[in-house]
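**Q** If it helps, the file is called my_file_10.cif and holds mmCIF, C-alpha atoms:
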data_structure
loop_
_atom_site.label_atom_id
_atom_site.label_comp_id
_atom_site.auth_asym_id
_atom_site.auth_seq_id
_atom_site.Cartn_x
_atom_site.Cartn_y
_atom_site.Cartn_z
CA ASN L 1 8.50 -12.33 13.50
CA ALA L 2 8.54 -12.57 9.68
CA GLY L 3 5.35 -10.56 9.01
CA VAL L 4 4.28 -10.91 5.38
CA THR L 5 6.57 -12.92 3.13
CA GLN L 6 6.30 -12.72 -0.64
CA THR L 7 8.11 -14.84 -3.20
CA PRO L 8 9.64 -14.46 -5.70
CA LYS L 9 11.10 -10.93 -5.52
CA PHE L 10 11.65 -10.72 -9.26
CA ARG L 11 10.33 -12.66 -12.24
CA ILE L 12 10.35 -12.37 -16.00
CA LEU L 13 7.55 -14.15 -17.83
CA LYS L 14 6.91 -14.64 -21.49
CA ILE L 15 3.51 -13.73 -22.91
CA GLY L 16 1.09 -16.60 -22.35
CA GLN L 17 3.00 -18.20 -19.48
CA SER L 18 1.47 -18.70 -16.06
CA MET L 19 2.84 -18.29 -12.57
CA THR L 20 1.87 -18.11 -8.93
CA LEU L 21 2.99 -15.34 -6.58
CA GLN L 22 3.23 -16.68 -3.06
CA CYS L 23 2.21 -14.77 0.07
CA THR L 24 2.39 -15.99 3.66
CA GLN L 25 1.73 -14.13 6.91
CA ASP L 26 2.42 -15.28 10.45
CA MET L 27 0.39 -12.68 12.37
CA ASN L 28 -2.92 -14.58 12.30
CA HIS L 29 -4.53 -11.71 10.37
CA ASN L 30 -7.98 -12.44 9.04
CA TYR L 31 -7.73 -10.12 6.07
CA MET L 32 -5.30 -10.43 3.20
CA TYR L 33 -4.95 -8.42 0.01
CA TRP L 34 -3.17 -8.35 -3.31
CA TYR L 35 -2.33 -4.96 -4.83
CA ARG L 36 -0.51 -3.94 -7.96
CA GLN L 37 1.53 -0.76 -8.25
CA ASP L 38 2.08 0.84 -11.64
CA PRO L 39 4.36 3.85 -12.22
CA GLY L 40 2.67 7.14 -11.31
CA MET L 41 -0.45 5.40 -10.04
CA GLY L 42 -1.75 4.55 -6.60
CA LEU L 43 -1.90 0.94 -5.56
CA LYS L 44 -4.88 -0.89 -7.01
CA LEU L 45 -6.63 -3.78 -5.28
CA ILE L 46 -6.68 -7.01 -7.29
CA TYR L 47 -8.29 -9.48 -4.87
CA TYR L 48 -8.88 -9.69 -1.16
CA SER L 49 -9.89 -12.27 1.42
CA VAL L 50 -11.64 -11.86 4.77
CA GLY L 51 -10.77 -15.36 5.96
CA ALA L 52 -9.91 -18.88 4.91
CA GLY L 53 -12.19 -20.04 2.12
CA ILE L 54 -13.50 -16.54 1.33
CA THR L 55 -12.16 -14.38 -1.48
CA ASP L 56 -13.55 -11.50 -3.53
CA LYS L 57 -12.61 -9.31 -6.46
CA GLY L 58 -11.09 -5.90 -6.07
CA GLU L 59 -10.79 -3.10 -8.63
CA VAL L 60 -8.61 -4.87 -11.21
CA PRO L 61 -9.19 -8.66 -11.00
CA ASN L 62 -9.11 -9.57 -14.70
CA GLY L 63 -6.33 -12.02 -15.56
CA TYR L 64 -5.79 -13.11 -11.97
CA ASN L 65 -7.10 -15.73 -9.57
CA VAL L 66 -6.62 -16.35 -5.87
CA SER L 67 -7.34 -18.97 -3.24
CA ARG L 68 -7.28 -18.92 0.55
CA SER L 69 -7.14 -22.43 1.91
CA THR L 70 -5.48 -21.39 5.19
CA THR L 71 -5.31 -18.24 7.30
CA GLU L 72 -1.59 -17.91 6.54
CA ASP L 73 -1.45 -18.28 2.75
CA PHE L 74 -2.93 -16.19 -0.06
CA PRO L 75 -1.37 -17.06 -3.43
CA LEU L 76 -2.06 -15.01 -6.56
CA ARG L 77 -2.25 -16.88 -9.85
CA LEU L 78 -1.56 -15.26 -13.22
CA GLU L 79 -2.92 -17.21 -16.15
CA LEU L 80 -1.85 -16.39 -19.71
CA ALA L 81 0.45 -13.51 -18.77
CA ALA L 82 0.11 -10.32 -20.80
CA PRO L 83 2.40 -7.24 -21.04
CA SER L 84 -0.31 -5.24 -19.21
CA GLN L 85 0.44 -7.34 -16.12
CA THR L 86 3.96 -5.96 -15.90
CA SER L 87 3.88 -4.33 -12.49
CA VAL L 88 5.02 -4.53 -8.90
CA TYR L 89 2.75 -6.72 -6.80
CA PHE L 90 2.27 -6.31 -3.07
CA CYS L 91 0.58 -8.66 -0.68
CA ALA L 92 -0.71 -7.24 2.60
CA SER L 93 -2.59 -8.38 5.67
CA SER L 94 -4.51 -6.75 8.49
CA TYR L 95 -7.01 -7.18 11.27
CA PRO L 96 -10.45 -5.76 10.34
CA GLN L 97 -9.85 -2.30 11.81
CA GLY L 98 -6.13 -2.48 12.28
CA GLY L 99 -2.99 -1.33 10.55
CA TYR L 100 -1.69 -3.00 7.45
CA THR L 101 1.49 -5.03 7.05
CA PHE L 102 2.89 -5.24 3.53
CA GLY L 103 5.19 -7.74 1.94
CA SER L 104 8.38 -6.63 0.22
CA GLY L 105 6.86 -6.87 -3.26
CA THR L 106 7.31 -8.89 -6.44
CA ARG L 107 8.58 -7.11 -9.54
CA LEU L 108 7.07 -8.88 -12.55
CA THR L 109 7.96 -8.22 -16.18
CA VAL L 110 6.02 -9.84 -19.01
CA VAL L 111 7.85 -9.85 -22.35
CA LYS H 1 -10.94 12.71 -9.86
CA ASN H 2 -9.00 10.46 -7.51
CA GLU H 3 -10.65 10.04 -4.12
CA VAL H 4 -7.29 10.66 -2.46
CA GLU H 5 -5.12 13.57 -3.60
CA GLN H 6 -1.60 14.22 -2.37
CA SER H 7 0.51 17.32 -2.73
CA PRO H 8 3.12 17.99 -3.75
CA GLN H 9 3.87 15.15 -6.16
CA ASN H 10 7.60 15.80 -5.83
CA LEU H 11 9.50 17.57 -3.08
CA THR H 12 13.20 18.33 -2.81
CA ALA H 13 14.63 19.61 0.46
CA GLN H 14 17.96 20.29 2.08
CA GLU H 15 19.01 18.27 5.09
CA GLY H 16 17.59 19.76 8.26
CA GLU H 17 14.53 21.34 6.67
CA PHE H 18 10.99 20.90 7.96
CA ILE H 19 8.88 18.91 5.51
CA THR H 20 5.11 18.88 5.04
CA ILE H 21 3.19 16.52 2.76
CA ASN H 22 -0.54 16.98 2.35
CA CYS H 23 -3.39 14.57 1.71
CA SER H 24 -6.98 15.44 0.88
CA TYR H 25 -9.79 12.95 0.44
CA SER H 26 -13.37 13.17 -0.71
CA VAL H 27 -15.13 10.30 1.07
CA GLY H 28 -16.08 9.60 4.64
CA ILE H 29 -13.37 7.58 6.28
CA SER H 30 -12.83 5.45 9.33
CA ALA H 31 -9.04 5.73 9.24
CA LEU H 32 -6.19 7.26 7.28
CA HIS H 33 -2.80 5.63 6.79
CA TRP H 34 0.57 7.12 5.99
CA LEU H 35 2.99 4.72 4.35
CA GLN H 36 6.65 4.96 3.32
CA GLN H 37 8.26 3.30 0.33
CA HIS H 38 12.00 3.54 -0.36
CA PRO H 39 13.05 3.28 -4.02
CA GLY H 40 12.74 -0.31 -5.18
CA GLY H 41 11.65 -1.28 -1.70
CA GLY H 42 8.70 -2.53 0.23
CA ILE H 43 5.98 -0.51 1.88
CA VAL H 44 6.13 0.30 5.57
CA SER H 45 3.23 1.59 7.61
CA LEU H 46 4.09 4.82 9.47
CA PHE H 47 0.80 5.88 11.02
CA MET H 48 -2.85 4.98 11.21
CA LEU H 49 -5.05 7.92 12.25
CA SER H 50 -8.71 8.41 12.90
CA SER H 51 -8.46 11.76 14.71
CA GLY H 52 -6.02 14.28 16.09
CA LYS H 53 -2.29 13.84 15.91
CA LYS H 54 0.35 11.13 16.27
CA LYS H 55 4.11 11.44 16.67
CA HIS H 56 6.89 8.93 16.17
CA GLY H 57 10.43 10.23 16.40
CA ARG H 58 10.82 13.03 13.85
CA LEU H 59 7.54 12.20 12.11
CA ILE H 60 4.23 13.81 12.98
CA ALA H 61 0.87 13.06 11.37
CA THR H 62 -2.27 15.12 11.81
CA ILE H 63 -5.79 14.75 10.55
CA ASN H 64 -8.78 17.10 10.35
CA ILE H 65 -11.86 14.97 9.79
CA GLN H 66 -14.18 17.92 9.14
CA GLU H 67 -11.91 19.33 6.44
CA LYS H 68 -11.05 15.86 5.06
CA HIS H 69 -7.36 16.65 5.22
CA SER H 70 -4.23 15.13 6.71
CA SER H 71 -0.61 16.24 6.85
CA LEU H 72 2.62 14.36 7.40
CA HIS H 73 5.46 16.43 8.83
CA ILE H 74 9.12 15.51 9.06
CA THR H 75 11.26 17.61 11.38
CA ALA H 76 15.02 17.95 10.87
CA SER H 77 14.90 16.01 7.60
CA HIS H 78 17.74 13.66 6.71
CA PRO H 79 18.80 12.04 3.42
CA ARG H 80 17.60 8.69 4.75
CA ASP H 81 14.07 10.17 4.75
CA SER H 82 14.21 10.18 0.94
CA ALA H 83 11.33 7.95 -0.14
CA VAL H 84 7.83 7.97 -1.55
CA TYR H 85 5.21 8.81 1.07
CA ILE H 86 1.76 7.43 0.41
CA CYS H 87 -1.56 8.44 1.92
CA ALA H 88 -4.34 5.84 2.00
CA VAL H 89 -7.85 5.94 3.41
CA ARG H 90 -10.21 3.30 4.69
CA SER H 91 -13.78 4.23 3.91
CA ALA H 92 -16.40 4.53 6.60
CA GLY H 93 -19.49 2.37 6.66
CA SER H 94 -20.40 -1.15 7.51
CA GLY H 95 -20.23 -4.31 5.56
CA GLY H 96 -17.64 -5.72 3.28
CA SER H 97 -15.81 -2.66 2.05
CA ASN H 98 -14.66 -0.78 5.11
CA TYR H 99 -11.32 -2.52 5.49
CA LYS H 100 -10.04 -1.89 1.96
CA LEU H 101 -7.73 1.05 1.32
CA THR H 102 -7.85 3.69 -1.40
CA PHE H 103 -4.40 5.06 -2.12
CA GLY H 104 -3.03 8.38 -3.24
CA LYS H 105 -0.37 8.42 -5.94
CA GLY H 106 2.40 9.25 -3.50
CA THR H 107 4.82 12.10 -2.88
CA LEU H 108 8.45 11.57 -3.86
CA LEU H 109 10.66 13.23 -1.26
CA THR H 110 14.35 13.80 -1.91
CA VAL H 111 16.48 15.18 0.90
CA ASN H 112 19.89 16.39 -0.18
CA PRO H 113 22.85 16.48 2.20
#
If you convert what's in this file into structure tokens, what do you get?

**A**
Amino acid sequence: NAGVTQTPKFRILKIGQSMTLQCTQDMNHNYMYWYRQDPGMGLKLIYYSVGAGITDKGEVPNGYNVSRSTTEDFPLRLELAAPSQTSVYFCASSYPQGGYTFGSGTRLTVV
Amino acid sequence: KNEVEQSPQNLTAQEGEFITINCSYSVGISALHWLQQHPGGGIVSLFMLSSGKKKHGRLIATINIQEKHSSLHITASHPRDSAVYICAVRSAGSGGSNYKLTFGKGTLLTVNP
């Protein structure tokens, strides 16, 4: 049982470049989330999805986009990377009232 | 003011000591989560609580809904318990927001041998 799989684990981007962070879950969870974790701060919600074809903004959506074409996959797209997007990104999934399962994280540096 | 406050921010203990980490929140909740994150590592869910007390091995989590307070206890602490412990709450209420979590900033626990 793989749980939530995130790729890549590490990435260095130059300012203005774009990339997609991949997230896949095999637990048939309806809900999926993208969070970012900055030093000394609690995790902040970027985007979330309550099912295939449905996505919505979280607290800090600017500079990001998502899609949810299947139950399993929830990729996060960074367009025109900026130094402020240097962070650790976590994907997670859950049932509506259930516990969360987190991916192992993606450490992104924008230089 | 953050909706979820943890204390202490940092905690250093000797192996074998009893550890308590506290979490206070200001909103009505439907559940509270305790999470563990090892340095440079992923996040693992330890407990999900809506009332009372849960125990798993040397870890015990309690919640007092009326006082809006939860504690995570570690008995007979060990160096491998060294990690950041994060409290997160799921707000109460219906509709589209009651499955999202609000996180505390975490408590960094270091257990020395």

**Q** Mind pulling up the distance from CA of Ala83 in chain H to CA of Ile46 in chain L?

**A**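 That distance, rounded to one decimal, is 24.5 Å.
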
**Q** Taking all atoms listed in the file into account, name the residue in H:Ile86, H:Leu109, H:Leu72, H:Ile43 that is nearest to Thr20 in chain H.

**A**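 Closest candidate: H:Leu72.
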
**Q** Using only C-alpha atoms, which chain H residues lie at most 6 Å away from chain L, written as a list in words?

**A**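 Contact residues on the first chain: Gly42, Ile43, Tyr99, Phe103, Gly104 and Lys105 of chain H.
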
**Q** When you count only C-alpha atoms, which of these residues is closest to Gln14 in chain H: H:His73, H:Lys68, H:His56, H:His78?

**A** H:His78

**Q** So that I can see what lies close to Asn64 in chain H, please list as an MDAnalysis selection string the residues with an atom at most 8 Å from it, counting only C-alpha atoms and leaving out residues fewer than 3 positions away in the same chain.

**A** chainID H and resid 51:52 67:70

**Q** Which residues, named as in the file, does the PyMOL selection byres ((chain H and resi 54) around 12) pick out? Answer as a short mmCIF file (atom, residue, chain, number, x, y, z; two decimals) with C-alpha atoms, in the coordinates of the input.

**A**
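The result, stored in part.cif:
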data_model
loop_
_atom_site.label_atom_id
_atom_site.label_comp_id
_atom_site.auth_asym_id
_atom_site.auth_seq_id
_atom_site.Cartn_x
_atom_site.Cartn_y
_atom_site.Cartn_z
CA LEU H 32 -6.19 7.26 7.28
CA HIS H 33 -2.80 5.63 6.79
CA TRP H 34 0.57 7.12 5.99
CA LEU H 46 4.09 4.82 9.47
CA PHE H 47 0.80 5.88 11.02
CA MET H 48 -2.85 4.98 11.21
CA LEU H 49 -5.05 7.92 12.25
CA SER H 50 -8.71 8.41 12.90
CA SER H 51 -8.46 11.76 14.71
CA GLY H 52 -6.02 14.28 16.09
CA LYS H 53 -2.29 13.84 15.91
CA LYS H 55 4.11 11.44 16.67
CA HIS H 56 6.89 8.93 16.17
CA GLY H 57 10.43 10.23 16.40
CA ARG H 58 10.82 13.03 13.85
CA LEU H 59 7.54 12.20 12.11
CA ILE H 60 4.23 13.81 12.98
CA ALA H 61 0.87 13.06 11.37
CA THR H 62 -2.27 15.12 11.81
CA ILE H 63 -5.79 14.75 10.55
CA SER H 70 -4.23 15.13 6.71
CA SER H 71 -0.61 16.24 6.85
CA LEU H 72 2.62 14.36 7.40
CA HIS H 73 5.46 16.43 8.83
#

**Q** Return as AutoDock Vina command-line options the box centre and box size in Å, one decimal, for an axis-aligned box around all listed atoms of range 35-40 of chain H padded by 5 Å per side.

**A**
--center_x 8.0 --center_y 2.3 --center_z -0.4 --size_x 20.1 --size_y 15.3 --size_z 19.5

**Q** I'd like the residues picked by the PyMOL selection byres ((chain L and resi 85) around 12) written out as a PDB file with C-alpha atoms, in the frame of the given file, using the chain letters and numbers from the file.

**A**
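Output file part_5.pdb is given in full below:
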ATOM      1  CA  ARG L  11      10.330 -12.660 -12.240  1.00  0.00           C
ATOM      2  CA  ILE L  12      10.350 -12.370 -16.000  1.00  0.00           C
ATOM      3  CA  LEU L  13       7.550 -14.150 -17.830  1.00  0.00           C
ATOM      4  CA  LYS L  14       6.910 -14.640 -21.490  1.00  0.00           C
ATOM      5  CA  ILE L  15       3.510 -13.730 -22.910  1.00  0.00           C
ATOM      6  CA  GLY L  16       1.090 -16.600 -22.350  1.00  0.00           C
ATOM      7  CA  GLN L  17       3.000 -18.200 -19.480  1.00  0.00           C
ATOM      8  CA  SER L  18       1.470 -18.700 -16.060  1.00  0.00           C
ATOM      9  CA  MET L  19       2.840 -18.290 -12.570  1.00  0.00           C
ATOM     10  CA  TYR L  35      -2.330  -4.960  -4.830  1.00  0.00           C
ATOM     11  CA  ARG L  36      -0.510  -3.940  -7.960  1.00  0.00           C
ATOM     12  CA  GLN L  37       1.530  -0.760  -8.250  1.00  0.00           C
ATOM     13  CA  ASP L  38       2.080   0.840 -11.640  1.00  0.00           C
ATOM     14  CA  ILE L  46      -6.680  -7.010  -7.290  1.00  0.00           C
ATOM     15  CA  VAL L  60      -8.610  -4.870 -11.210  1.00  0.00           C
ATOM     16  CA  PRO L  61      -9.190  -8.660 -11.000  1.00  0.00           C
ATOM     17  CA  ASN L  62      -9.110  -9.570 -14.700  1.00  0.00           C
ATOM     18  CA  GLY L  63      -6.330 -12.020 -15.560  1.00  0.00           C
ATOM     19  CA  TYR L  64      -5.790 -13.110 -11.970  1.00  0.00           C
ATOM     20  CA  ARG L  77      -2.250 -16.880  -9.850  1.00  0.00           C
ATOM     21  CA  LEU L  78      -1.560 -15.260 -13.220  1.00  0.00           C
ATOM     22  CA  GLU L  79      -2.920 -17.210 -16.150  1.00  0.00           C
ATOM     23  CA  LEU L  80      -1.850 -16.390 -19.710  1.00  0.00           C
ATOM     24  CA  ALA L  81       0.450 -13.510 -18.770  1.00  0.00           C
ATOM     25  CA  ALA L  82       0.110 -10.320 -20.800  1.00  0.00           C
ATOM     26  CA  PRO L  83       2.400  -7.240 -21.040  1.00  0.00           C
ATOM     27  CA  SER L  84      -0.310  -5.240 -19.210  1.00  0.00           C
ATOM     28  CA  THR L  86       3.960  -5.960 -15.900  1.00  0.00           C
ATOM     29  CA  SER L  87       3.880  -4.330 -12.490  1.00  0.00           C
ATOM     30  CA  VAL L  88       5.020  -4.530  -8.900  1.00  0.00           C
ATOM     31  CA  TYR L  89       2.750  -6.720  -6.800  1.00  0.00           C
ATOM     32  CA  THR L 106       7.310  -8.890  -6.440  1.00  0.00           C
ATOM     33  CA  ARG L 107       8.580  -7.110  -9.540  1.00  0.00           C
ATOM     34  CA  LEU L 108       7.070  -8.880 -12.550  1.00  0.00           C
ATOM     35  CA  THR L 109       7.960  -8.220 -16.180  1.00  0.00           C
ATOM     36  CA  VAL L 110       6.020  -9.840 -19.010  1.00  0.00           C
ATOM     37  CA  VAL L 111       7.850  -9.850 -22.350  1.00  0.00           C
TER      38      VAL L 111
END

**Q** Please indicate the distance in Å from CA of Thr7 in chain L to CA of Thr24 in chain L, rounded to one decimal place.

**A**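 Computed distance, CA of Thr7 in chain L to CA of Thr24 in chain L, equals 9.0 Å.
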